[in-house]
Amino acid sequence: MNINGSSTGEEIAPMALAIHNLVNRLPITMRTLKNPGVRIEDGKVIDYKYTGPVLEKVLESGEMIQEIPQKGEYEGTPVVVVPITEEGTVIASVGVVDITKGIYSDIMEITKRPEDLPDSRGG
């Protein structure tokens, strides 16, 4: 599979479906730099021309964003969106929609390895 900044929703759907299954079928959204992408729920692609405000913000910033969108399809629901880069350039963004109302994100924080946590002595 070859994904680039111009890939279409149809082209990125197999990767997005794999991620969807990996995160226990939480809704997934994904788009590339130049084209809308996919919205996946319950094992099915719901939309092949999807974009969302946080996907777009991540494409611009190149940074992971964890927030609650104030508009769009998932308004009011926590999302975690990360960039996909190639040779230092952002080519796509992919997000998990936390329909557990934050439990998924809390579990990710709780299960961090001790070496990933800040030193309680200020280190």
# chains A, B, ... in the order shown; residues from 1 in each chain; ligands from 1
>>> select_by_dssp(residues="segment 17-119 of chain A", states="alpha helix (DSSP H)", output="MDAnalysis selection string")
chainID A and resid 17:22 53:61 103:110
>>> write_last_selection(atoms="C-alpha atoms", output="PDB file, in the first residue's frame")
ATOM      1  CA  LEU A  17     -10.032  -0.037   8.498  1.00  0.00           C
ATOM      2  CA  ALA A  18      -7.001  -1.820   9.976  1.00  0.00           C
ATOM      3  CA  ILE A  19      -6.581   0.951  12.566  1.00  0.00           C
ATOM      4  CA  HIS A  20     -10.334   0.809  13.278  1.00  0.00           C
ATOM      5  CA  ASN A  21     -10.071  -2.890  14.106  1.00  0.00           C
ATOM      6  CA  LEU A  22      -6.889  -2.348  16.132  1.00  0.00           C
ATOM      7  CA  PRO A  53     -11.817  20.272  11.886  1.00  0.00           C
ATOM      8  CA  VAL A  54      -9.261  18.424  13.993  1.00  0.00           C
ATOM      9  CA  LEU A  55      -7.965  16.384  11.039  1.00  0.00           C
ATOM     10  CA  GLU A  56      -7.360  19.686   9.264  1.00  0.00           C
ATOM     11  CA  LYS A  57      -5.676  21.284  12.293  1.00  0.00           C
ATOM     12  CA  VAL A  58      -3.249  18.361  12.534  1.00  0.00           C
ATOM     13  CA  LEU A  59      -2.418  18.629   8.830  1.00  0.00           C
ATOM     14  CA  GLU A  60      -1.500  22.283   9.435  1.00  0.00           C
ATOM     15  CA  SER A  61       0.358  21.893  12.728  1.00  0.00           C
ATOM     16  CA  ILE A 103     -12.467   6.444  29.122  1.00  0.00           C
ATOM     17  CA  TYR A 104     -10.292   5.344  26.171  1.00  0.00           C
ATOM     18  CA  SER A 105      -8.023   8.373  26.623  1.00  0.00           C
ATOM     19  CA  ASP A 106      -7.891   7.852  30.387  1.00  0.00           C
ATOM     20  CA  ILE A 107      -6.853   4.222  29.932  1.00  0.00           C
ATOM     21  CA  MET A 108      -4.083   5.296  27.549  1.00  0.00           C
ATOM     22  CA  GLU A 109      -2.787   7.674  30.253  1.00  0.00           C
ATOM     23  CA  ILE A 110      -3.172   5.190  33.127  1.00  0.00           C
TER      24      ILE A 110
END
>>> residues_around(residues="Leu26 of chain A", least_positions_apart="4", cutoff="8 Å", atoms="only C-alpha atoms", output="PyMOL selection string")
chain A and resi 20-21+41-42+96-99
>>> write_last_selection(atoms="C-alpha atoms", output="compact mmCIF listing (two decimals), in the first residue's frame")
# COMPACT_ATOMS: atom_id res chain seq x y z
CA HIS A 20 -10.33 0.81 13.28
CA ASN A 21 -10.07 -2.89 14.11
CA GLU A 41 -17.83 3.20 12.14
CA ASP A 42 -18.93 -0.33 13.07
CA VAL A 96 -9.71 8.00 16.89
CA VAL A 97 -13.12 9.18 18.04
CA ASP A 98 -13.41 8.38 21.73
CA ILE A 99 -17.09 7.47 21.94
>>> select_by_dssp(residues="chain A", states="strand (DSSP E or B)", output="PyMOL selection string")
chain A and resi 28-32+37-41+44-50+65-67+79-86+89-97
>>> write_last_selection(atoms="N, CA and C atoms", output="tab-separated table (two decimals), in the first residue's frame")
chain	number	residue	atom	x	y	z
A	28	ILE	N	-13.06	5.82	13.38
A	28	ILE	CA	-11.78	6.33	12.85
A	28	ILE	C	-12.09	7.31	11.73
A	29	THR	N	-11.32	8.39	11.70
A	29	THR	CA	-11.37	9.31	10.57
A	29	THR	C	-9.95	9.47	10.06
A	30	MET	N	-9.82	9.67	8.76
A	30	MET	CA	-8.50	9.81	8.16
A	30	MET	C	-8.64	10.56	6.85
A	31	ARG	N	-7.68	11.45	6.59
A	31	ARG	CA	-7.65	12.15	5.31
A	31	ARG	C	-6.19	12.44	4.96
A	32	THR	N	-5.97	12.76	3.69
A	32	THR	CA	-4.63	13.12	3.26
A	32	THR	C	-4.54	14.63	3.11
A	37	GLY	N	-10.93	12.25	3.14
A	37	GLY	CA	-10.65	10.83	3.35
A	37	GLY	C	-11.86	10.04	3.77
A	38	VAL	N	-11.70	9.25	4.84
A	38	VAL	CA	-12.75	8.31	5.23
A	38	VAL	C	-13.21	8.54	6.66
A	39	ARG	N	-14.44	8.13	6.87
A	39	ARG	CA	-15.03	8.05	8.21
A	39	ARG	C	-15.52	6.63	8.35
A	40	ILE	N	-15.06	5.95	9.41
A	40	ILE	CA	-15.37	4.53	9.57
A	40	ILE	C	-16.02	4.31	10.93
A	41	GLU	N	-17.12	3.57	10.92
A	41	GLU	CA	-17.83	3.20	12.14
A	41	GLU	C	-18.37	1.78	11.97
A	44	LYS	N	-17.48	-0.41	8.96
A	44	LYS	CA	-17.85	0.00	7.61
A	44	LYS	C	-17.39	1.42	7.32
A	45	VAL	N	-17.02	1.66	6.07
A	45	VAL	CA	-16.72	3.01	5.63
A	45	VAL	C	-18.05	3.73	5.44
A	46	ILE	N	-18.25	4.80	6.20
A	46	ILE	CA	-19.49	5.58	6.15
A	46	ILE	C	-19.38	6.68	5.08
A	47	ASP	N	-18.16	7.18	4.88
A	47	ASP	CA	-17.95	8.32	3.99
A	47	ASP	C	-16.55	8.23	3.38
A	48	TYR	N	-16.45	8.35	2.07
A	48	TYR	CA	-15.16	8.35	1.37
A	48	TYR	C	-14.67	9.75	1.04
A	49	LYS	N	-15.41	10.78	1.45
A	49	LYS	CA	-15.03	12.17	1.17
A	49	LYS	C	-15.04	12.98	2.47
A	50	TYR	N	-14.60	12.36	3.56
A	50	TYR	CA	-14.71	12.98	4.88
A	50	TYR	C	-13.53	13.88	5.23
A	65	ILE	N	-3.09	16.15	18.32
A	65	ILE	CA	-4.07	16.97	19.02
A	65	ILE	C	-5.09	16.06	19.68
A	66	GLN	N	-5.34	16.32	20.95
A	66	GLN	CA	-6.34	15.60	21.71
A	66	GLN	C	-7.31	16.65	22.23
A	67	GLU	N	-8.53	16.67	21.69
A	67	GLU	CA	-9.49	17.69	22.09
A	67	GLU	C	-10.91	17.25	21.83
A	79	VAL	N	-11.60	13.44	20.69
A	79	VAL	CA	-10.86	12.80	19.60
A	79	VAL	C	-9.36	12.91	19.87
A	80	VAL	N	-8.63	11.96	19.34
A	80	VAL	CA	-7.17	12.00	19.35
A	80	VAL	C	-6.75	11.86	17.90
A	81	VAL	N	-6.04	12.86	17.38
A	81	VAL	CA	-5.64	12.87	15.97
A	81	VAL	C	-4.13	13.04	15.88
A	82	VAL	N	-3.50	12.23	15.03
A	82	VAL	CA	-2.05	12.29	14.85
A	82	VAL	C	-1.72	12.49	13.38
A	83	PRO	N	-0.55	13.11	13.13
A	83	PRO	CA	-0.11	13.26	11.75
A	83	PRO	C	0.58	11.99	11.27
A	84	ILE	N	0.54	11.77	9.97
A	84	ILE	CA	1.35	10.74	9.32
A	84	ILE	C	2.34	11.51	8.46
A	85	THR	N	3.61	11.25	8.69
A	85	THR	CA	4.64	12.00	7.98
A	85	THR	C	5.47	11.09	7.08
A	86	GLU	N	6.02	11.70	6.07
A	86	GLU	CA	6.96	11.01	5.18
A	86	GLU	C	8.10	11.97	4.92
A	89	THR	N	7.58	15.50	6.17
A	89	THR	CA	6.43	16.25	5.66
A	89	THR	C	5.14	15.55	6.04
A	90	VAL	N	4.18	16.30	6.54
A	90	VAL	CA	2.88	15.73	6.89
A	90	VAL	C	2.13	15.41	5.60
A	91	ILE	N	1.72	14.15	5.46
A	91	ILE	CA	0.99	13.74	4.26
A	91	ILE	C	-0.46	13.35	4.56
A	92	ALA	N	-0.75	13.10	5.85
A	92	ALA	CA	-2.11	12.67	6.21
A	92	ALA	C	-2.31	12.87	7.71
A	93	SER	N	-3.56	12.74	8.13
A	93	SER	CA	-3.87	12.72	9.56
A	93	SER	C	-4.91	11.63	9.80
A	94	VAL	N	-4.81	11.02	10.97
A	94	VAL	CA	-5.74	9.94	11.32
A	94	VAL	C	-6.17	10.15	12.77
A	95	GLY	N	-7.46	9.94	13.02
A	95	GLY	CA	-7.98	10.18	14.35
A	95	GLY	C	-8.85	9.06	14.87
A	96	VAL	N	-8.83	8.92	16.19
A	96	VAL	CA	-9.71	8.00	16.89
A	96	VAL	C	-10.77	8.85	17.58
A	97	VAL	N	-12.02	8.49	17.39
A	97	VAL	CA	-13.12	9.18	18.04
A	97	VAL	C	-13.46	8.40	19.31
>>> atom_distance(atom1="atom CA of Thr77 of chain A", atom2="atom CA of Ala13 of chain A")
22.4 Å
